[in-house]
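Undergrad: Quick one: the structure is below, questions incoming.
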Amino acid sequence: MNEVQKLKFYQKGTLTVGNRLIDERERNVQASLDRSNSLTSGHRACQGCGEALGARYAIDAAMRATNRNLIAVNATGCLEVFTTPYPETSWQIPWMHSLFGNAAAVATGVAAAQRVLGREGTRVVAQGGDGGTTDIGFGCLSGMFERNDDVLYICYDNEGYMNTGVQRSSATPPTARTATTPAMGEEPGNVFGTGKFTPKIAVAHEIPYVATASVADLHDLEAKVTKAMGLRGARYIQINVPCPLGWGAASQDTIKLARLAIETGLFPIFEAESGYITHVRKIRRPTPVSEYLKLQRRFAHLFRDGKEDPRVAKMQAIADRHIKDYGLLEEAAESLRPPAGEGGRAERAAG
């Protein structure tokens with residue numbers, strides 16, 4: 001009689017025994033004894049919060065890349081509120097709280113002060129949600145890009161003003177129900193034709209580095225933050241961070257939703273340098289957007305009485321356009337790298 005061998009499964013996402021079974025190069029920043037735990041335990045994020053996960057890995061990767069010589073400036077928003085309820089804090093790095101809309105400007109001033117003091121090795125990261133970045137803080141952010149200030153700005157995109165009651169932002173997708181786009185009327189939820197995709201605008205500024213990332217792929221997120229910290233000048237990374245509370249999703253589905261956002265084409269993953277897209281993450285087999293939408297109560301009105309609202313097809317069209325525009329399915333052709341002598345702002349001195 002053949003003996004049955006039981007399989008053993010090991011966790012590999014943190015500093016656990018499972019990490020001893022894989023090559024060190026494949027371990028993430030949280031799986032190291034040298035991890036900084038910049039955002040440590042004790043914060044008050046919701047269960048399954050994508051933003052807390054994204055910030056933990058992004059800032060620890062930046063700390064590792066700068067030999068722990070980092071200052072963070074944080075816009076008002078969920079991340080600021082759940083990590084720093086006065087007089088407590090979960091941050092273990094030099095950290096500053098700015099207003100809702102001026103994190104980019106404050107970070108620019110911090111970077112300039114370090115330069116004047118001769119502390120060229122001290123680097124600066126600004127961070128905020130999509131409300132404080134793509135809406136209220138957009139003017140300051142664009143100014144930072146135009147001046148090519150030596151700051152990495154990280155936007156944790158949870159597609160709404162989740163901290164103040166789940167209101168619509170310019171990153172809220174069409175048809176989504178929020179407190180300000182209720183599921184009522186002839187076309188319930190957020191309307192089509194509004195909002196903006198800020199990474200595309202950042203690329204148009206021709207800054208040294210722009211990237212999108214997701215908590216569904218933490219290795220990719222870490223690699224992009226590390227690459228950004230190895231450059232000078234203005235840099236921008238937008239991370240897709242599902243919000244169980246605002247999206248009306250199960251807390252255990254955070255990573256699943258982030259993965260589906262990529263696999264449907266709704267959130268394209270790419271890198272750009274000096275105004276040219278240089279790399280995109282390919283999709284093997286596109287997932288229908290309905291599989292993504294059905295997991296979230298903010299889209300429940302699209303599937304009432306077992307019927308699919310015609311606007312699901314319009315959402316599918318958006319995903320299909322992203323797949324086409326970014327070449328997410330086709331074999332990688334020659335990348336759109338800048339011609340010789342056209343390095344954009346990457347060749348300019350950091351302002």
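Residues are referred to by chain and number: the chain letter is A, B, ... according to the order shown in the structure tokens, the number counts from 1 in that chain, and ligands are numbered separately from 1 in the order shown.
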I need the residues of region 194-320 of chain A that end up classed as alpha helix (DSSP H) by DSSP on the backbone, written out as a PyMOL selection string.
TA: chain A and resi 198-204+218-229+244-247+254-264+289-293+311-320
Undergrad: Could you check how far CA of Gly275 (chain A) sits from CA of Ile207 (chain A), in Å to one decimal?
TA: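 Rounded to one decimal, the two atoms are 6.6 Å apart.
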Undergrad: Per residue of region 136-160 of chain A within 12 Å of region 210-232 of chain A, note the shortest atom pair and the distance in Å to one decimal, counting only C-alpha atoms, and order the rows by chain and increasing residue number, as a Markdown table.
TA:
| residue | atom | partner | partner_atom | distance |
| --- | --- | --- | --- | --- |
| A:Phe145 | CA | A:Val210 | CA | 10.6 |
| A:Asn148 | CA | A:Arg232 | CA | 8.8 |
| A:Asp149 | CA | A:Arg232 | CA | 8.4 |
| A:Asp150 | CA | A:Arg232 | CA | 5.6 |
| A:Val151 | CA | A:Arg232 | CA | 7.8 |
| A:Leu152 | CA | A:Ala228 | CA | 7.0 |
| A:Tyr153 | CA | A:Val210 | CA | 9.7 |
| A:Ile154 | CA | A:Val225 | CA | 9.0 |
| A:Cys155 | CA | A:Thr212 | CA | 9.4 |
| A:Tyr156 | CA | A:Ser214 | CA | 9.4 |
| A:Asp157 | CA | A:Ser214 | CA | 9.4 |
| A:Asn158 | CA | A:Ser214 | CA | 10.9 |
Undergrad: Give me a file of those residues, with all heavy atoms, as an mmCIF file, in the first residue's frame.
TA:
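The file below, part.cif, is the result:
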data_model
loop_
_atom_site.group_PDB
_atom_site.id
_atom_site.type_symbol
_atom_site.label_atom_id
_atom_site.label_comp_id
_atom_site.auth_asym_id
_atom_site.auth_seq_id
_atom_site.Cartn_x
_atom_site.Cartn_y
_atom_site.Cartn_z
ATOM 1 N N PHE A 145 6.106 68.352 -10.247
ATOM 2 C CA PHE A 145 6.572 67.715 -11.478
ATOM 3 C C PHE A 145 7.258 68.731 -12.390
ATOM 4 O O PHE A 145 8.325 68.472 -12.947
ATOM 5 C CB PHE A 145 5.386 67.098 -12.231
ATOM 6 C CG PHE A 145 4.760 65.907 -11.561
ATOM 7 C CD1 PHE A 145 3.483 65.495 -11.918
ATOM 8 C CD2 PHE A 145 5.437 65.190 -10.576
ATOM 9 C CE1 PHE A 145 2.901 64.389 -11.320
ATOM 10 C CE2 PHE A 145 4.860 64.084 -9.976
ATOM 11 C CZ PHE A 145 3.582 63.686 -10.346
ATOM 12 N N ASN A 148 10.577 69.631 -11.306
ATOM 13 C CA ASN A 148 11.426 68.439 -11.194
ATOM 14 C C ASN A 148 12.088 68.361 -9.818
ATOM 15 O O ASN A 148 13.276 68.071 -9.685
ATOM 16 C CB ASN A 148 12.494 68.410 -12.295
ATOM 17 C CG ASN A 148 13.092 67.022 -12.482
ATOM 18 O OD1 ASN A 148 12.418 66.018 -12.268
ATOM 19 N ND2 ASN A 148 14.356 66.969 -12.863
ATOM 20 N N ASP A 149 11.300 68.620 -8.782
ATOM 21 C CA ASP A 149 11.815 68.565 -7.419
ATOM 22 C C ASP A 149 12.192 67.134 -7.041
ATOM 23 O O ASP A 149 11.561 66.168 -7.470
ATOM 24 C CB ASP A 149 10.764 69.099 -6.436
ATOM 25 C CG ASP A 149 10.464 70.569 -6.656
ATOM 26 O OD1 ASP A 149 11.412 71.341 -6.870
ATOM 27 O OD2 ASP A 149 9.273 70.943 -6.628
ATOM 28 N N ASP A 150 13.204 67.012 -6.217
ATOM 29 C CA ASP A 150 13.752 65.706 -5.862
ATOM 30 C C ASP A 150 12.910 65.032 -4.780
ATOM 31 O O ASP A 150 13.315 64.919 -3.619
ATOM 32 C CB ASP A 150 15.207 65.867 -5.385
ATOM 33 C CG ASP A 150 15.901 64.522 -5.233
ATOM 34 O OD1 ASP A 150 15.490 63.558 -5.913
ATOM 35 O OD2 ASP A 150 16.853 64.432 -4.434
ATOM 36 N N VAL A 151 11.730 64.584 -5.174
ATOM 37 C CA VAL A 151 10.780 63.955 -4.253
ATOM 38 C C VAL A 151 10.127 62.768 -4.962
ATOM 39 O O VAL A 151 9.782 62.858 -6.146
ATOM 40 C CB VAL A 151 9.673 64.951 -3.819
ATOM 41 C CG1 VAL A 151 8.603 64.250 -2.982
ATOM 42 C CG2 VAL A 151 10.276 66.118 -3.045
ATOM 43 N N LEU A 152 9.966 61.678 -4.237
ATOM 44 C CA LEU A 152 9.133 60.581 -4.713
ATOM 45 C C LEU A 152 7.754 60.752 -4.100
ATOM 46 O O LEU A 152 7.606 60.735 -2.876
ATOM 47 C CB LEU A 152 9.705 59.217 -4.303
ATOM 48 C CG LEU A 152 8.753 58.018 -4.481
ATOM 49 C CD1 LEU A 152 8.350 57.852 -5.943
ATOM 50 C CD2 LEU A 152 9.359 56.739 -3.935
ATOM 51 N N TYR A 153 6.737 60.913 -4.939
ATOM 52 C CA TYR A 153 5.362 61.016 -4.464
ATOM 53 C C TYR A 153 4.666 59.677 -4.689
ATOM 54 O O TYR A 153 4.639 59.168 -5.805
ATOM 55 C CB TYR A 153 4.611 62.130 -5.191
ATOM 56 C CG TYR A 153 3.301 62.487 -4.501
ATOM 57 C CD1 TYR A 153 3.166 63.673 -3.790
ATOM 58 C CD2 TYR A 153 2.207 61.616 -4.549
ATOM 59 C CE1 TYR A 153 1.986 63.993 -3.134
ATOM 60 C CE2 TYR A 153 1.031 61.921 -3.894
ATOM 61 C CZ TYR A 153 0.919 63.104 -3.189
ATOM 62 O OH TYR A 153 -0.253 63.396 -2.542
ATOM 63 N N ILE A 154 4.099 59.125 -3.607
ATOM 64 C CA ILE A 154 3.368 57.865 -3.688
ATOM 65 C C ILE A 154 1.898 58.134 -3.412
ATOM 66 O O ILE A 154 1.536 58.681 -2.372
ATOM 67 C CB ILE A 154 3.906 56.838 -2.671
ATOM 68 C CG1 ILE A 154 5.387 56.548 -2.923
ATOM 69 C CG2 ILE A 154 3.093 55.546 -2.753
ATOM 70 C CD1 ILE A 154 6.011 55.628 -1.881
ATOM 71 N N CYS A 155 1.058 57.759 -4.366
ATOM 72 C CA CYS A 155 -0.392 57.882 -4.201
ATOM 73 C C CYS A 155 -0.975 56.504 -3.917
ATOM 74 O O CYS A 155 -0.803 55.569 -4.712
ATOM 75 C CB CYS A 155 -1.029 58.462 -5.460
ATOM 76 S SG CYS A 155 -2.850 58.422 -5.449
ATOM 77 N N TYR A 156 -1.654 56.388 -2.779
ATOM 78 C CA TYR A 156 -2.349 55.147 -2.436
ATOM 79 C C TYR A 156 -3.787 55.300 -2.921
ATOM 80 O O TYR A 156 -4.596 55.989 -2.300
ATOM 81 C CB TYR A 156 -2.278 54.896 -0.933
ATOM 82 C CG TYR A 156 -0.854 54.803 -0.417
ATOM 83 C CD1 TYR A 156 -0.268 55.861 0.278
ATOM 84 C CD2 TYR A 156 -0.085 53.670 -0.652
ATOM 85 C CE1 TYR A 156 1.033 55.782 0.732
ATOM 86 C CE2 TYR A 156 1.216 53.585 -0.207
ATOM 87 C CZ TYR A 156 1.777 54.636 0.487
ATOM 88 O OH TYR A 156 3.079 54.562 0.927
ATOM 89 N N ASP A 157 -4.085 54.677 -4.040
ATOM 90 C CA ASP A 157 -5.340 54.898 -4.754
ATOM 91 C C ASP A 157 -6.406 53.902 -4.300
ATOM 92 O O ASP A 157 -6.427 52.754 -4.743
ATOM 93 C CB ASP A 157 -5.073 54.764 -6.255
ATOM 94 C CG ASP A 157 -6.314 54.941 -7.094
ATOM 95 O OD1 ASP A 157 -7.338 55.408 -6.559
ATOM 96 O OD2 ASP A 157 -6.260 54.605 -8.299
ATOM 97 N N ASN A 158 -7.315 54.361 -3.420
ATOM 98 C CA ASN A 158 -8.449 53.510 -3.040
ATOM 99 C C ASN A 158 -9.766 54.027 -3.620
ATOM 100 O O ASN A 158 -10.849 53.618 -3.204
ATOM 101 C CB ASN A 158 -8.549 53.349 -1.520
ATOM 102 C CG ASN A 158 -8.661 54.674 -0.778
ATOM 103 O OD1 ASN A 158 -9.034 55.696 -1.369
ATOM 104 N ND2 ASN A 158 -8.364 54.671 0.501
#
Undergrad: Can you pull out the residues contacting Val289 (chain A)? Cut-off 12 Å, using only C-alpha atoms, and skip same-chain residues under 2 positions away; I want them as a PyMOL selection string.
TA: chain A and resi 257+259-267+286-287+291-296+299+302+308+311-320
Undergrad: For His97 (chain A), find every residue with an atom within 7 Å (counting only C-alpha atoms), except residues of its own chain fewer than 2 positions away, and show them as a ChimeraX atom specification.
TA: /A:73-76,95,99
Undergrad: Please write the residues from the selection above to a file, keeping all heavy atoms, as a PDB file, in the first residue's frame.
TA:
ATOM      1  N   VAL A  73       6.543  62.813   4.219  1.00  0.00           N
ATOM      2  CA  VAL A  73       5.523  63.848   4.383  1.00  0.00           C
ATOM      3  C   VAL A  73       4.195  63.231   3.995  1.00  0.00           C
ATOM      4  O   VAL A  73       4.059  62.650   2.916  1.00  0.00           O
ATOM      5  CB  VAL A  73       5.826  65.079   3.504  1.00  0.00           C
ATOM      6  CG1 VAL A  73       4.700  66.099   3.618  1.00  0.00           C
ATOM      7  CG2 VAL A  73       7.156  65.705   3.896  1.00  0.00           C
ATOM      8  N   ASN A  74       3.206  63.348   4.866  1.00  0.00           N
ATOM      9  CA  ASN A  74       1.933  62.648   4.677  1.00  0.00           C
ATOM     10  C   ASN A  74       0.769  63.623   4.606  1.00  0.00           C
ATOM     11  O   ASN A  74       0.554  64.421   5.514  1.00  0.00           O
ATOM     12  CB  ASN A  74       1.708  61.690   5.841  1.00  0.00           C
ATOM     13  CG  ASN A  74       0.878  60.474   5.488  1.00  0.00           C
ATOM     14  OD1 ASN A  74       1.238  59.359   5.851  1.00  0.00           O
ATOM     15  ND2 ASN A  74      -0.224  60.653   4.785  1.00  0.00           N
ATOM     16  N   ALA A  75       0.015  63.566   3.508  1.00  0.00           N
ATOM     17  CA  ALA A  75      -1.194  64.377   3.383  1.00  0.00           C
ATOM     18  C   ALA A  75      -2.255  63.881   4.356  1.00  0.00           C
ATOM     19  O   ALA A  75      -2.246  62.734   4.802  1.00  0.00           O
ATOM     20  CB  ALA A  75      -1.729  64.315   1.957  1.00  0.00           C
ATOM     21  N   THR A  76      -3.188  64.747   4.699  1.00  0.00           N
ATOM     22  CA  THR A  76      -4.357  64.328   5.466  1.00  0.00           C
ATOM     23  C   THR A  76      -5.101  63.239   4.689  1.00  0.00           C
ATOM     24  O   THR A  76      -5.179  63.279   3.469  1.00  0.00           O
ATOM     25  CB  THR A  76      -5.289  65.528   5.699  1.00  0.00           C
ATOM     26  OG1 THR A  76      -4.611  66.484   6.514  1.00  0.00           O
ATOM     27  CG2 THR A  76      -6.569  65.106   6.384  1.00  0.00           C
ATOM     28  N   TRP A  95       8.584  61.844  10.293  1.00  0.00           N
ATOM     29  CA  TRP A  95       7.305  61.864   9.586  1.00  0.00           C
ATOM     30  C   TRP A  95       6.605  63.179   9.849  1.00  0.00           C
ATOM     31  O   TRP A  95       6.551  63.647  10.981  1.00  0.00           O
ATOM     32  CB  TRP A  95       6.462  60.673  10.073  1.00  0.00           C
ATOM     33  CG  TRP A  95       5.112  60.495   9.448  1.00  0.00           C
ATOM     34  CD1 TRP A  95       4.803  59.735   8.371  1.00  0.00           C
ATOM     35  CD2 TRP A  95       3.868  61.074   9.894  1.00  0.00           C
ATOM     36  NE1 TRP A  95       3.447  59.791   8.107  1.00  0.00           N
ATOM     37  CE2 TRP A  95       2.852  60.611   9.032  1.00  0.00           C
ATOM     38  CE3 TRP A  95       3.526  61.936  10.940  1.00  0.00           C
ATOM     39  CZ2 TRP A  95       1.524  60.983   9.178  1.00  0.00           C
ATOM     40  CZ3 TRP A  95       2.191  62.309  11.076  1.00  0.00           C
ATOM     41  CH2 TRP A  95       1.210  61.828  10.207  1.00  0.00           C
ATOM     42  N   LEU A  99      -1.261  69.471   5.208  1.00  0.00           N
ATOM     43  CA  LEU A  99      -2.684  69.640   4.951  1.00  0.00           C
ATOM     44  C   LEU A  99      -3.131  68.647   3.880  1.00  0.00           C
ATOM     45  O   LEU A  99      -2.329  67.921   3.300  1.00  0.00           O
ATOM     46  CB  LEU A  99      -2.968  71.075   4.516  1.00  0.00           C
ATOM     47  CG  LEU A  99      -2.606  72.172   5.519  1.00  0.00           C
ATOM     48  CD1 LEU A  99      -2.876  73.536   4.911  1.00  0.00           C
ATOM     49  CD2 LEU A  99      -3.357  71.985   6.824  1.00  0.00           C
TER      50      LEU A  99
END
Undergrad: Pick out the closest residue to Gly50 (chain A) from this set: A:Cys78, A:Val116, A:Ile323, A:Val125. Count only C-alpha atoms.
TA: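 Once distances to Gly50 (chain A) are computed over only C-alpha atoms, the minimum belongs to A:Cys78.
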Undergrad: Just how far from CA of Gly128 (chain A) is CA of Ala55 (chain A), in Å to one decimal?
TA: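 Interatomic distance here is 9.9 Å.
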Undergrad: Determine, counting only C-alpha atoms, which protein, DNA and RNA residues have an atom within 12 Å of an atom of region 40-42 of chain A; residues of the same chain fewer than 6 positions away are not included. Present the result as a ChimeraX atom specification.
TA: /A:30,52-53,55-57,59-60,82-85,88-93
Undergrad: Of the candidates A:Gln47, A:Arg27, A:Asn163, A:Val106, which one gets nearest to Leu79 (chain A) if we count only C-alpha atoms?
TA: A:Asn163
Undergrad: Given only C-alpha atoms as the basis, pick out the residue of A:Met144, A:Val241, A:Ala126, A:Val191 nearest to Pro174 (chain A).
TA: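 Closest candidate: A:Val191.
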Undergrad: Counting only C-alpha atoms, what is within 7 Å of Ser170 (chain A), bar same-chain residues fewer than 3 positions away, as a list in words?
TA: Thr134, Asp135, Gly195 and Lys196 of chain A
Undergrad: For the residues selected in the previous step, produce a file with all heavy atoms as a PDB file, in the first residue's frame.
TA:
ATOM      1  N   THR A 134      -5.020  63.401  -6.491  1.00  0.00           N
ATOM      2  CA  THR A 134      -5.588  63.669  -7.812  1.00  0.00           C
ATOM      3  C   THR A 134      -6.613  64.793  -7.789  1.00  0.00           C
ATOM      4  O   THR A 134      -6.962  65.317  -8.848  1.00  0.00           O
ATOM      5  CB  THR A 134      -6.248  62.400  -8.390  1.00  0.00           C
ATOM      6  OG1 THR A 134      -7.459  62.122  -7.675  1.00  0.00           O
ATOM      7  CG2 THR A 134      -5.320  61.203  -8.271  1.00  0.00           C
ATOM      8  N   ASP A 135      -7.098  65.157  -6.598  1.00  0.00           N
ATOM      9  CA  ASP A 135      -8.095  66.222  -6.480  1.00  0.00           C
ATOM     10  C   ASP A 135      -7.498  67.457  -5.804  1.00  0.00           C
ATOM     11  O   ASP A 135      -6.976  68.347  -6.444  1.00  0.00           O
ATOM     12  CB  ASP A 135      -9.306  65.738  -5.672  1.00  0.00           C
ATOM     13  CG  ASP A 135     -10.170  64.750  -6.438  1.00  0.00           C
ATOM     14  OD1 ASP A 135      -9.935  64.563  -7.634  1.00  0.00           O
ATOM     15  OD2 ASP A 135     -11.077  64.169  -5.826  1.00  0.00           O
ATOM     16  N   GLY A 195     -13.466  62.484 -14.050  1.00  0.00           N
ATOM     17  CA  GLY A 195     -12.280  61.944 -13.391  1.00  0.00           C
ATOM     18  C   GLY A 195     -11.051  61.977 -14.277  1.00  0.00           C
ATOM     19  O   GLY A 195     -11.061  62.496 -15.399  1.00  0.00           O
ATOM     20  N   LYS A 196      -9.969  61.410 -13.757  1.00  0.00           N
ATOM     21  CA  LYS A 196      -8.711  61.390 -14.502  1.00  0.00           C
ATOM     22  C   LYS A 196      -7.802  60.285 -13.976  1.00  0.00           C
ATOM     23  O   LYS A 196      -7.916  59.853 -12.829  1.00  0.00           O
ATOM     24  CB  LYS A 196      -7.999  62.742 -14.388  1.00  0.00           C
ATOM     25  CG  LYS A 196      -7.794  63.258 -12.970  1.00  0.00           C
ATOM     26  CD  LYS A 196      -7.195  64.651 -13.001  1.00  0.00           C
ATOM     27  CE  LYS A 196      -7.087  65.284 -11.631  1.00  0.00           C
ATOM     28  NZ  LYS A 196      -8.402  65.675 -11.061  1.00  0.00           N
TER      29      LYS A 196
END
Undergrad: Tyr209 (chain A): which residues within 7 Å, counting only C-alpha atoms, same-chain residues fewer than 6 positions away excluded, as a list in words?
TA: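 Here the qualifying residues turn out to be Ala228, Arg235, Tyr236, Ala272, Glu273 and Ser274 of chain A.
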Undergrad: I need the chosen residues saved as a CSV table (one decimal), in the first residue's frame, with N, CA, C and O atoms.
TA:
chain,number,residue,atom,x,y,z
A,228,ALA,N,12.9,53.9,-8.0
A,228,ALA,CA,12.6,55.4,-7.9
A,228,ALA,C,13.6,56.1,-7.0
A,228,ALA,O,14.0,57.2,-7.2
A,235,ARG,N,9.5,62.0,-9.0
A,235,ARG,CA,9.1,60.6,-9.4
A,235,ARG,C,7.7,60.4,-8.8
A,235,ARG,O,7.3,61.0,-7.8
A,236,TYR,N,6.9,59.6,-9.5
A,236,TYR,CA,5.5,59.3,-9.1
A,236,TYR,C,5.2,57.9,-9.2
A,236,TYR,O,5.4,57.3,-10.2
A,272,ALA,N,7.2,54.3,-16.8
A,272,ALA,CA,7.6,55.3,-17.8
A,272,ALA,C,8.8,56.1,-17.3
A,272,ALA,O,8.9,56.4,-16.1
A,273,GLU,N,9.6,56.5,-18.3
A,273,GLU,CA,10.8,57.3,-18.0
A,273,GLU,C,10.9,58.4,-19.0
A,273,GLU,O,10.8,58.2,-20.2
A,274,SER,N,10.9,59.6,-18.4
A,274,SER,CA,11.1,60.8,-19.2
A,274,SER,C,10.1,61.0,-20.3
A,274,SER,O,10.3,61.4,-21.4
Undergrad: To one decimal in Å, tell me the separation between CA of His279 (chain A) and CA of Ser169 (chain A).
TA: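 Interatomic distance here is 27.8 Å.
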Undergrad: Taking the chain letters and numbering used in this document, name the residues of region 108-322 of chain A that DSSP puts in strand (DSSP E), as a VMD selection string.
TA: chain A and resid 123 to 129 152 to 157 209 to 214 235 to 240 270 to 273 276 to 280
